[in-house]
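Here is upload.csv, consisting of CSV, C-alpha atoms:
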```csv
chain,number,residue,atom,x,y,z
A,99,MET,CA,40.9,136.8,-113.9
A,100,LYS,CA,44.2,138.5,-113.3
A,101,SER,CA,43.5,141.3,-115.8
A,102,GLY,CA,40.3,142.2,-113.9
A,103,LEU,CA,37.9,140.9,-116.6
A,104,THR,CA,35.2,138.5,-115.4
A,105,LEU,CA,35.0,135.0,-116.7
A,106,GLU,CA,31.7,135.8,-118.4
A,107,GLY,CA,33.1,138.9,-120.1
A,108,ALA,CA,36.1,136.9,-121.4
A,109,CYS,CA,33.9,134.2,-122.8
A,110,ASP,CA,31.7,136.9,-124.5
A,111,GLU,CA,34.8,138.3,-126.2
A,112,VAL,CA,35.8,134.9,-127.7
A,113,GLY,CA,32.3,133.8,-128.5
A,114,VAL,CA,31.9,130.8,-126.2
A,115,SER,CA,29.8,130.3,-123.1
A,116,ALA,CA,31.2,129.9,-119.6
A,117,ARG,CA,29.7,126.4,-119.4
A,118,THR,CA,31.6,125.4,-122.6
A,119,LEU,CA,34.9,126.7,-121.1
A,120,GLN,CA,34.2,124.6,-117.9
A,121,ARG,CA,33.8,121.4,-120.0
A,122,TRP,CA,37.0,122.1,-121.8
A,123,GLN,CA,38.9,122.7,-118.6
A,124,LYS,CA,37.7,119.3,-117.3
A,125,ALA,CA,39.2,117.5,-120.3
A,126,PRO,CA,42.3,119.5,-121.4
A,127,GLY,CA,43.5,118.8,-124.9
A,128,ARG,CA,40.2,118.0,-126.4
A,129,ALA,CA,39.4,119.5,-129.8
A,130,ASP,CA,36.6,122.1,-130.2
A,131,GLY,CA,33.5,120.0,-130.3
A,132,ARG,CA,31.3,122.7,-131.8
A,133,VAL,CA,30.1,121.7,-135.2
A,134,GLY,CA,27.4,124.2,-135.7
A,135,PRO,CA,24.0,123.6,-137.5
A,136,LYS,CA,24.1,120.7,-140.0
A,137,HIS,CA,21.1,122.0,-142.0
A,138,SER,CA,20.2,125.4,-143.3
A,139,PRO,CA,17.0,126.9,-142.0
A,140,PRO,CA,14.0,126.1,-144.3
A,141,ASN,CA,13.1,129.7,-144.6
A,142,LYS,CA,16.6,130.9,-145.6
A,143,LEU,CA,16.7,133.2,-148.7
A,144,SER,CA,18.3,131.6,-151.7
A,145,ASP,CA,21.3,133.4,-153.4
A,146,GLY,CA,18.9,134.6,-156.1
A,147,GLU,CA,16.4,136.0,-153.6
A,148,ARG,CA,19.2,137.9,-151.7
A,149,ALA,CA,20.5,139.3,-155.0
A,150,ARG,CA,17.0,140.5,-155.8
A,151,VAL,CA,16.7,142.2,-152.4
A,152,LEU,CA,20.0,144.0,-153.0
A,153,ALA,CA,19.0,144.9,-156.6
A,154,ILE,CA,15.7,146.4,-155.5
A,155,ALA,CA,17.3,148.4,-152.6
A,156,ASN,CA,20.0,149.8,-154.9
A,157,SER,CA,17.7,150.5,-157.9
A,158,PRO,CA,17.3,154.2,-158.9
A,159,GLU,CA,13.7,154.0,-157.7
A,160,PHE,CA,14.5,153.0,-154.1
A,161,VAL,CA,18.2,153.9,-153.6
A,162,ASP,CA,17.3,156.8,-151.3
A,163,ARG,CA,14.6,155.0,-149.4
A,164,SER,CA,14.7,152.9,-146.3
A,165,PRO,CA,13.2,149.3,-146.1
A,166,LYS,CA,10.3,150.8,-144.2
A,167,GLN,CA,9.4,152.7,-147.4
A,168,ILE,CA,10.4,150.1,-149.9
A,169,VAL,CA,8.3,147.2,-148.6
A,170,PRO,CA,5.0,149.1,-148.5
A,171,ALA,CA,5.7,150.5,-152.0
A,172,LEU,CA,6.2,147.0,-153.4
A,173,ALA,CA,3.0,145.8,-151.7
A,174,ASP,CA,1.1,148.6,-153.4
A,175,ARG,CA,2.3,147.2,-156.7
A,176,GLY,CA,1.2,143.7,-155.7
A,177,GLU,CA,4.8,142.5,-155.0
A,178,TYR,CA,6.2,140.8,-151.9
A,179,VAL,CA,9.9,140.2,-151.9
A,180,ALA,CA,10.9,140.0,-148.3
A,181,SER,CA,10.0,141.6,-144.9
A,182,GLU,CA,11.5,144.8,-143.7
A,183,SER,CA,13.7,143.0,-141.2
A,184,THR,CA,15.0,140.8,-144.0
A,185,PHE,CA,15.8,143.8,-146.1
A,186,TYR,CA,17.7,145.3,-143.2
A,187,ARG,CA,19.5,142.1,-142.5
A,188,VAL,CA,20.6,141.6,-146.1
A,189,LEU,CA,21.8,145.2,-146.3
A,190,ARG,CA,23.6,144.9,-143.0
A,191,ASP,CA,25.4,141.7,-144.2
A,192,GLU,CA,26.6,143.5,-147.3
A,193,ASP,CA,27.7,146.6,-145.3
A,194,GLN,CA,25.1,148.7,-147.1
A,195,LEU,CA,23.0,149.7,-144.1
A,196,THR,CA,23.9,153.4,-144.2
A,197,HIS,CA,22.0,156.7,-144.3
A,198,ARG,CA,20.1,156.6,-147.7
A,199,GLN,CA,19.0,160.3,-148.0
A,200,CYS,CA,20.6,163.5,-149.0
A,201,SER,CA,19.9,165.0,-145.6
A,202,LYS,CA,22.6,165.0,-142.9
A,203,PRO,CA,22.4,161.8,-140.9
A,204,ARG,CA,21.2,162.1,-137.3
A,205,GLU,CA,24.0,162.2,-134.8
A,206,PRO,CA,23.5,160.9,-131.3
A,207,ARG,CA,23.9,163.6,-128.6
A,208,PRO,CA,26.3,162.9,-125.8
A,209,VAL,CA,24.8,162.5,-122.3
A,210,PRO,CA,25.3,165.7,-120.3
A,211,THR,CA,27.7,164.7,-117.5
A,212,HIS,CA,29.1,167.0,-114.8
A,213,THR,CA,31.0,166.4,-111.5
A,214,ALA,CA,30.7,168.6,-108.4
A,215,ASP,CA,32.8,168.2,-105.2
A,216,GLY,CA,31.3,171.1,-103.3
A,217,PRO,CA,28.3,173.4,-103.1
A,218,CYS,CA,27.3,175.9,-105.7
A,219,GLN,CA,29.2,174.2,-108.5
A,220,LEU,CA,26.3,172.4,-110.2
A,221,TRP,CA,22.6,173.3,-110.0
A,222,SER,CA,19.6,171.6,-111.5
A,223,TRP,CA,16.3,173.3,-112.0
A,224,ASP,CA,12.9,172.6,-113.5
A,225,ILE,CA,9.2,173.7,-113.4
A,226,THR,CA,6.3,171.5,-112.1
A,227,TYR,CA,2.6,172.0,-112.1
A,228,LEU,CA,0.6,172.6,-108.9
A,229,LYS,CA,-3.2,172.1,-109.3
A,230,SER,CA,-5.6,174.9,-108.7
A,231,THR,CA,-9.3,174.8,-107.8
A,232,VAL,CA,-10.1,175.9,-111.4
A,233,ARG,CA,-10.2,172.9,-113.8
A,234,GLY,CA,-7.5,173.2,-116.4
A,235,GLN,CA,-5.6,176.0,-114.6
A,236,PHE,CA,-2.3,175.4,-112.8
A,237,PHE,CA,0.2,177.3,-110.8
A,238,TYR,CA,3.9,176.8,-111.7
A,239,LEU,CA,6.6,176.0,-109.2
A,240,TYR,CA,10.1,177.1,-110.3
A,241,LEU,CA,12.8,175.3,-108.2
A,242,PHE,CA,16.6,175.3,-108.2
A,243,VAL,CA,18.5,172.6,-106.3
A,244,ASP,CA,22.2,172.2,-105.6
A,245,VAL,CA,23.2,168.8,-106.9
A,246,TRP,CA,26.1,168.2,-104.5
A,247,SER,CA,24.2,169.1,-101.3
A,248,ARG,CA,20.6,168.5,-102.5
A,249,LYS,CA,19.7,171.9,-101.0
A,250,ILE,CA,16.9,173.9,-102.6
A,251,VAL,CA,18.7,177.2,-103.3
A,252,GLY,CA,15.7,179.0,-104.8
A,253,HIS,CA,12.0,178.6,-105.5
A,254,ALA,CA,9.1,180.7,-106.7
A,255,VAL,CA,5.4,180.0,-107.6
A,256,HIS,CA,3.8,181.9,-110.5
A,257,PRO,CA,0.6,181.6,-112.4
A,258,VAL,CA,2.5,181.4,-115.8
A,259,GLU,CA,5.6,179.9,-117.3
A,260,SER,CA,8.1,182.5,-118.4
A,261,ASP,CA,11.8,182.7,-119.2
A,262,GLU,CA,11.8,186.2,-117.7
A,263,LEU,CA,10.6,184.8,-114.4
A,264,SER,CA,13.2,182.0,-114.6
A,265,ALA,CA,16.0,184.5,-115.2
A,266,ALA,CA,14.9,186.7,-112.3
A,267,LEU,CA,14.9,183.6,-110.0
A,268,LEU,CA,18.4,182.6,-111.1
A,269,ARG,CA,19.7,186.0,-110.2
A,270,ARG,CA,18.0,185.9,-106.8
A,271,CYS,CA,19.5,182.4,-106.1
A,272,CYS,CA,23.0,183.6,-106.8
A,273,LEU,CA,22.5,186.7,-104.6
A,274,ALA,CA,21.0,184.5,-101.8
A,275,GLU,CA,24.0,182.1,-101.9
A,276,GLY,CA,26.4,185.0,-102.1
A,277,ILE,CA,28.4,183.4,-104.9
A,278,ASP,CA,30.1,184.6,-108.0
A,279,PRO,CA,28.1,182.6,-110.6
A,280,ALA,CA,30.9,182.6,-113.2
A,281,GLY,CA,31.6,178.9,-114.0
A,282,LEU,CA,28.5,177.6,-112.2
A,283,VAL,CA,26.8,174.9,-114.3
A,284,VAL,CA,23.0,175.0,-114.4
A,285,HIS,CA,21.2,172.0,-115.9
A,286,ALA,CA,17.7,171.9,-117.2
A,287,ASP,CA,15.5,170.2,-119.7
A,288,ASN,CA,14.5,171.7,-123.1
A,289,GLY,CA,11.4,173.6,-122.1
A,290,GLY,CA,10.6,177.1,-123.3
A,291,PRO,CA,11.4,178.9,-120.0
A,292,MET,CA,14.8,177.0,-119.9
A,293,ARG,CA,15.9,177.9,-123.4
A,294,GLY,CA,14.2,181.3,-123.7
A,295,SER,CA,16.2,184.2,-125.0
A,296,THR,CA,16.0,186.1,-121.7
A,297,MET,CA,17.2,183.1,-119.6
A,298,ILE,CA,20.1,182.4,-122.0
A,299,ALA,CA,21.1,186.1,-122.1
A,300,THR,CA,21.1,186.2,-118.3
A,301,MET,CA,23.3,183.1,-118.1
A,302,GLN,CA,25.7,184.5,-120.5
A,303,ARG,CA,25.9,187.8,-118.6
A,304,LEU,CA,26.5,186.1,-115.3
A,305,GLY,CA,29.0,183.6,-116.7
A,306,VAL,CA,26.8,180.6,-115.9
A,307,VAL,CA,27.4,177.5,-118.0
A,308,PRO,CA,24.1,176.2,-119.4
A,309,SER,CA,23.5,172.4,-119.7
A,310,PHE,CA,20.5,170.8,-121.2
A,311,SER,CA,19.0,167.3,-121.4
A,312,ARG,CA,18.9,165.4,-124.6
A,313,PRO,CA,15.7,165.8,-126.6
A,314,ARG,CA,13.0,163.4,-125.7
A,315,VAL,CA,15.1,161.8,-122.9
A,316,SER,CA,13.1,162.1,-119.6
A,317,ASP,CA,15.8,160.9,-117.2
A,318,ASP,CA,18.6,163.4,-118.0
A,319,ASN,CA,17.5,165.6,-115.1
A,320,PRO,CA,17.0,163.1,-112.3
A,321,TYR,CA,17.7,165.4,-109.3
A,322,SER,CA,14.9,167.8,-110.1
A,323,GLU,CA,12.5,165.1,-111.1
A,324,ALA,CA,13.2,163.1,-107.9
A,325,LEU,CA,12.8,166.2,-105.8
A,326,PHE,CA,9.3,166.9,-107.3
A,327,ARG,CA,8.3,163.4,-106.6
A,328,THR,CA,9.4,163.7,-103.0
A,329,MET,CA,7.4,166.9,-102.6
A,330,LYS,CA,4.2,165.6,-104.1
A,331,TYR,CA,4.3,162.3,-102.2
A,332,THR,CA,5.2,163.7,-98.8
A,333,PRO,CA,2.4,163.2,-96.3
A,334,ALA,CA,2.1,167.0,-95.8
A,335,TYR,CA,1.2,167.6,-99.5
A,336,PRO,CA,-2.4,169.0,-99.6
A,337,GLY,CA,-5.1,166.6,-100.5
A,338,ARG,CA,-7.0,169.3,-102.4
A,339,PRO,CA,-5.9,171.9,-105.0
A,340,PHE,CA,-4.6,175.3,-104.1
A,341,ASP,CA,-7.1,178.2,-104.1
A,342,THR,CA,-4.6,181.0,-104.9
A,343,VAL,CA,-1.0,181.3,-106.0
A,344,ASP,CA,-0.2,182.9,-102.6
A,345,GLU,CA,-1.6,179.8,-100.8
A,346,ALA,CA,0.6,177.6,-103.1
A,347,ALA,CA,3.7,179.7,-102.4
A,348,ARG,CA,3.2,179.6,-98.6
A,349,TRP,CA,2.9,175.8,-98.7
A,350,VAL,CA,6.0,175.5,-100.9
A,351,THR,CA,8.0,177.8,-98.6
A,352,GLU,CA,7.2,175.6,-95.6
A,353,PHE,CA,8.1,172.4,-97.6
A,354,VAL,CA,11.5,174.0,-98.6
A,355,ARG,CA,12.2,174.8,-95.0
A,356,TRP,CA,11.4,171.2,-93.9
A,357,TYR,CA,13.3,169.7,-96.8
A,358,ASN,CA,16.5,171.7,-96.3
A,359,THR,CA,16.7,171.7,-92.5
A,360,GLU,CA,14.8,168.6,-91.3
A,361,HIS,CA,14.7,166.0,-94.1
A,362,ARG,CA,17.5,163.4,-93.8
A,363,HIS,CA,18.4,162.7,-97.4
A,364,SER,CA,19.2,159.1,-98.3
A,365,GLY,CA,21.6,160.1,-101.1
A,366,ILE,CA,23.9,162.0,-98.7
A,367,GLN,CA,24.1,159.6,-95.8
A,368,PHE,CA,20.9,160.8,-94.2
A,369,VAL,CA,22.1,164.2,-93.2
A,370,THR,CA,20.0,167.2,-94.1
A,371,PRO,CA,20.8,169.2,-97.3
A,372,ASP,CA,21.5,172.3,-95.2
A,373,GLU,CA,24.1,170.4,-93.1
A,374,ARG,CA,25.7,169.0,-96.3
A,375,HIS,CA,25.7,172.5,-97.9
A,376,ARG,CA,27.4,174.0,-94.9
A,377,ARG,CA,30.0,171.1,-94.9
A,378,VAL,CA,29.2,170.0,-91.4
A,379,ASP,CA,28.2,166.5,-92.4
A,380,PRO,CA,31.7,164.9,-91.8
A,381,ARG,CA,31.5,165.9,-88.2
A,382,LEU,CA,28.0,164.6,-87.8
A,383,LEU,CA,28.8,161.3,-89.5
A,384,ALA,CA,32.0,160.8,-87.5
A,385,LYS,CA,29.8,161.2,-84.3
A,386,ARG,CA,27.5,158.5,-85.7
A,387,ALA,CA,30.4,156.2,-86.3
A,388,ARG,CA,31.6,156.6,-82.7
A,389,VAL,CA,28.1,155.8,-81.4
A,390,TYR,CA,28.1,152.6,-83.5
A,391,GLU,CA,31.6,151.6,-82.3
A,392,ALA,CA,30.6,152.2,-78.7
A,393,ALA,CA,27.5,150.0,-79.2
A,394,ARG,CA,29.6,147.3,-80.7
A,395,ARG,CA,32.1,147.3,-77.9
A,396,ALA,CA,29.3,147.1,-75.3
A,397,ARG,CA,27.6,144.1,-77.0
A,398,PRO,CA,30.1,142.5,-79.4
A,399,GLU,CA,28.0,139.3,-79.7
A,400,ARG,CA,25.3,141.2,-81.6
A,401,TRP,CA,27.8,142.3,-84.3
A,402,THR,CA,28.9,139.7,-86.8
A,403,ARG,CA,30.3,142.2,-89.3
A,404,GLU,CA,31.7,145.7,-89.4
A,405,THR,CA,29.6,148.6,-88.2
A,406,ARG,CA,27.6,150.7,-90.7
A,407,ASN,CA,29.7,152.8,-93.0
A,408,TRP,CA,29.2,156.4,-92.1
A,409,THR,CA,31.8,157.8,-94.6
A,410,PRO,CA,30.7,161.1,-96.1
A,411,VAL,CA,29.6,161.1,-99.7
A,412,GLY,CA,32.3,162.5,-101.9
A,413,ALA,CA,32.0,164.1,-105.3
A,414,ILE,CA,28.7,163.8,-107.2
A,415,THR,CA,28.7,162.9,-110.9
A,416,PHE,CA,25.6,164.1,-112.6
A,417,ASN,CA,24.4,161.4,-115.1
A,418,ARG,CA,27.3,159.1,-114.5
A,419,PRO,CA,28.1,157.2,-117.8
A,420,ARG,CA,26.9,153.6,-117.8
A,421,GLY,CA,29.5,151.1,-116.9
A,422,PRO,CA,29.9,147.5,-118.2
A,423,ARG,CA,26.9,145.2,-118.3
A,424,LYS,CA,25.5,144.0,-115.0
A,425,GLU,CA,27.1,146.9,-113.0
A,426,ALA,CA,25.7,149.8,-111.1
A,427,SER,CA,23.1,152.2,-112.3
A,428,ALA,CA,23.8,155.3,-114.3
A,429,HIS,CA,23.8,157.8,-111.5
A,430,GLN,CA,23.6,158.0,-107.7
A,431,THR,CA,20.4,158.0,-105.8
A,432,ALA,CA,18.7,161.3,-106.6
A,433,ALA,CA,16.3,161.6,-103.7
```
The structure given in the file should be rewritten as structure tokens.
Amino acid sequence: MKSGLTLEGACDEVGVSARTLQRWQKAPGRADGRVGPKHSPPNKLSDGERARVLAIANSPEFVDRSPKQIVPALADRGEYVASESTFYRVLRDEDQLTHRQCSKPREPRPVPTHTADGPCQLWSWDITYLKSTVRGQFFYLYLFVDVWSRKIVGHAVHPVESDELSAALLRRCCLAEGIDPAGLVVHADNGGPMRGSTMIATMQRLGVVPSFSRPRVSDDNPYSEALFRTMKYTPAYPGRPFDTVDEAARWVTEFVRWYNTEHRHSGIQFVTPDERHRRVDPRLLAKRARVYEAARRARPERWTRETRNWTPVGAITFNRPRGPRKEASAHQTAA
């Protein structure tokens, strides 16, 4: 449509199906042929039953309880009035489906969303387990990644989880990158080392802006989670647990070197994170584009469309808000 709204979207707004609209267009001027159901459902509540549901829900005994509490309480007294879903439906129809307790109603937390158009603007970090040869004992990999370039900017392996160790690693990352951390956004989940007092105090002292995932939401930190999956499913990942923390640290160091300097990342047009971090990816991608154009000129009969798009990836939006229905996913490819 001229306004940019799809046919399906416009039909949803007015409450008709796209197929109904097509029938109307074939016979303009016809009246609306929808007559609706001719009979009430046999299991529909009577007016008296609906009134009883409302009276029970608003009675002094149940006024501060939800239907999930009301229905079992009635059953304990040998009474069945309606199901929980029916209670909810009747209350919703009467605009009475509200918070029914004295406590403050739960408020949904906004999705943490950030945008970076260059390196060292937005980091993500997390901790993952590395198995040891002792059953039930693990080593802990602390890892910071730059969301824009996907470069691992810092890592450490320790035998324990600690916010003091996290804070020390954050300081080392800033020194290694040679940056002023003021204004840097660092995202993490809600674990103890992430929200520990030492870590928070270090962020405040450095001017780092903390960002945290929503409680009990596992995909608010996709870049770190995807990086851990890449690490643990790479063919070079050891098939046996690590004997010592030093052995684990040596393997992680070699993985980080490979990941940053050799691994062509699918989310950044298959350049390495180090190339992206150093901003040399536009030159490399332009060279690829010229190679493809030369191949197309040499054998044009083999090219029915345009050559592959080697345009550099622009700004990265962390946890991009979901668009309209049937559109792209919430965030760009993480790994």
Computed interatomic separation between CA of Cys109 in chain A and CA of Pro126 in chain A (Å):
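Computing the Euclidean distance for CA of Cys109 in chain A and CA of Pro126 in chain A yields 17.0 Å.
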Nearby residues, (2.0, 180.1, -117.9) file frame, 9 Å, all atoms listed in the file, as number ranges by chain:
A: 236-238, 256-260
What is the CA of Pro371 in chain A to CA of Gly289 in chain A distance in Å?
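Between CA of Pro371 in chain A and CA of Gly289 in chain A the gap is 26.9 Å.
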Please provide the set of residues having any atom within 7 Å of Glu262 in chain A, restricted to only C-alpha atoms, with same-chain residues fewer than 2 positions apart removed, written as a PDB file with C-alpha atoms, keeping the file's coordinate frame.
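Dumped everything to result_14.pdb:
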```pdb
ATOM      1  CA  SER A 260       8.100 182.500-118.400  1.00  0.00           C
ATOM      2  CA  SER A 264      13.200 182.000-114.600  1.00  0.00           C
ATOM      3  CA  ALA A 265      16.000 184.500-115.200  1.00  0.00           C
ATOM      4  CA  ALA A 266      14.900 186.700-112.300  1.00  0.00           C
ATOM      5  CA  THR A 296      16.000 186.100-121.700  1.00  0.00           C
ATOM      6  CA  MET A 297      17.200 183.100-119.600  1.00  0.00           C
TER       7      MET A 297
END
```
Atomic separation - CA of Gly216 in chain A relative to CA of Glu275 in chain A, Å:
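Pair CA of Glu275 in chain A / CA of Gly216 in chain A returns 13.3 Å.
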Close residues, Lys330 in chain A itself excluded, 12 Å, all atoms listed in the file, min 3 positions apart in chain, as a list of chain:residue names:
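Final neighbour list, sorted by chain and number: A:Thr226, A:Tyr227, A:Leu228, A:Lys229, A:Leu239, A:Glu323, A:Ala324, A:Leu325, A:Phe326, A:Arg327, A:Pro333, A:Ala334, A:Tyr335, A:Pro336, A:Gly337, A:Arg338, A:Pro339, A:Trp349, A:Val350, A:Phe353.
When all atoms listed in the file are used to measure the gap to Pro210 in chain A, the shortest distance among A:Ala384, A:Glu352, A:Glu373, A:Asp318 belongs to A:Asp318.
Among A:Met329, A:Leu383, A:Leu268, A:Ala392, the residue with the shortest atom-to-atom distance to Arg303 in chain A, counting all atoms listed in the file, is A:Leu268.
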Rank nothing, just name the residue among A:Val411, A:Val389, A:Val307, A:Val255 nearest to Ala347 in chain A, using only C-alpha atoms.
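Under the stated criterion, the closest residue is A:Val255.
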Residue with the minimum atom-to-atom distance to Ser247 in chain A, picked from A:Tyr390, A:Tyr178, A:Phe160, A:Tyr357 with only C-alpha atoms counted, is A:Tyr357
Which of these residues is nearest to Met301 in chain A, using only C-alpha atoms: A:Thr328, A:Asp317, A:Arg269, A:Asp224?
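Among A:Thr328, A:Asp317, A:Arg269, A:Asp224, it is A:Arg269 that comes nearest to Met301 in chain A.
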Shortest contact to Ser311 in chain A, candidates A:Phe340, A:Tyr331, A:Trp122, A:Trp223, atoms counted only C-alpha atoms, goes to A:Trp223
Env of range 162-169 of chain A: 12 Å cut, atoms = all atoms listed in the file, seq-sep filter 3 positions within chain, self excluded. Answer as an MDAnalysis selection string.
chainID A and resid 151:152 154:159 172:190 194:201
Could you save those same residues with C-alpha atoms as a short mmCIF file (atom, residue, chain, number, x, y, z; two decimals), in the coordinates of the input?
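What ended up in selection_37.cif:
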```
data_model
loop_
_atom_site.label_atom_id
_atom_site.label_comp_id
_atom_site.auth_asym_id
_atom_site.auth_seq_id
_atom_site.Cartn_x
_atom_site.Cartn_y
_atom_site.Cartn_z
CA VAL A 151 16.70 142.20 -152.40
CA LEU A 152 20.00 144.00 -153.00
CA ILE A 154 15.70 146.40 -155.50
CA ALA A 155 17.30 148.40 -152.60
CA ASN A 156 20.00 149.80 -154.90
CA SER A 157 17.70 150.50 -157.90
CA PRO A 158 17.30 154.20 -158.90
CA GLU A 159 13.70 154.00 -157.70
CA LEU A 172 6.20 147.00 -153.40
CA ALA A 173 3.00 145.80 -151.70
CA ASP A 174 1.10 148.60 -153.40
CA ARG A 175 2.30 147.20 -156.70
CA GLY A 176 1.20 143.70 -155.70
CA GLU A 177 4.80 142.50 -155.00
CA TYR A 178 6.20 140.80 -151.90
CA VAL A 179 9.90 140.20 -151.90
CA ALA A 180 10.90 140.00 -148.30
CA SER A 181 10.00 141.60 -144.90
CA GLU A 182 11.50 144.80 -143.70
CA SER A 183 13.70 143.00 -141.20
CA THR A 184 15.00 140.80 -144.00
CA PHE A 185 15.80 143.80 -146.10
CA TYR A 186 17.70 145.30 -143.20
CA ARG A 187 19.50 142.10 -142.50
CA VAL A 188 20.60 141.60 -146.10
CA LEU A 189 21.80 145.20 -146.30
CA ARG A 190 23.60 144.90 -143.00
CA GLN A 194 25.10 148.70 -147.10
CA LEU A 195 23.00 149.70 -144.10
CA THR A 196 23.90 153.40 -144.20
CA HIS A 197 22.00 156.70 -144.30
CA ARG A 198 20.10 156.60 -147.70
CA GLN A 199 19.00 160.30 -148.00
CA CYS A 200 20.60 163.50 -149.00
CA SER A 201 19.90 165.00 -145.60
#
```
I'd like the neighbourhood of Ile277 in chain A as a ChimeraX atom specification, where a residue qualifies if any of its atoms comes within 12 Å (using all atoms listed in the file), though same-chain residues fewer than 3 positions away should be ignored.
/A:217-219,251,268-274,280-282,304-306
Near-Val315 in chain A list (10 Å; all atoms listed in the file; drop same-chain fewer than 3 positions) as a PDB file with C-alpha atoms, in the coordinates of the input:
```
ATOM      1  CA  VAL A 209      24.800 162.500-122.300  1.00  0.00           C
ATOM      2  CA  ASP A 287      15.500 170.200-119.700  1.00  0.00           C
ATOM      3  CA  ASN A 288      14.500 171.700-123.100  1.00  0.00           C
ATOM      4  CA  SER A 311      19.000 167.300-121.400  1.00  0.00           C
ATOM      5  CA  ARG A 312      18.900 165.400-124.600  1.00  0.00           C
ATOM      6  CA  ASP A 318      18.600 163.400-118.000  1.00  0.00           C
ATOM      7  CA  ASN A 319      17.500 165.600-115.100  1.00  0.00           C
TER       8      ASN A 319
END
```
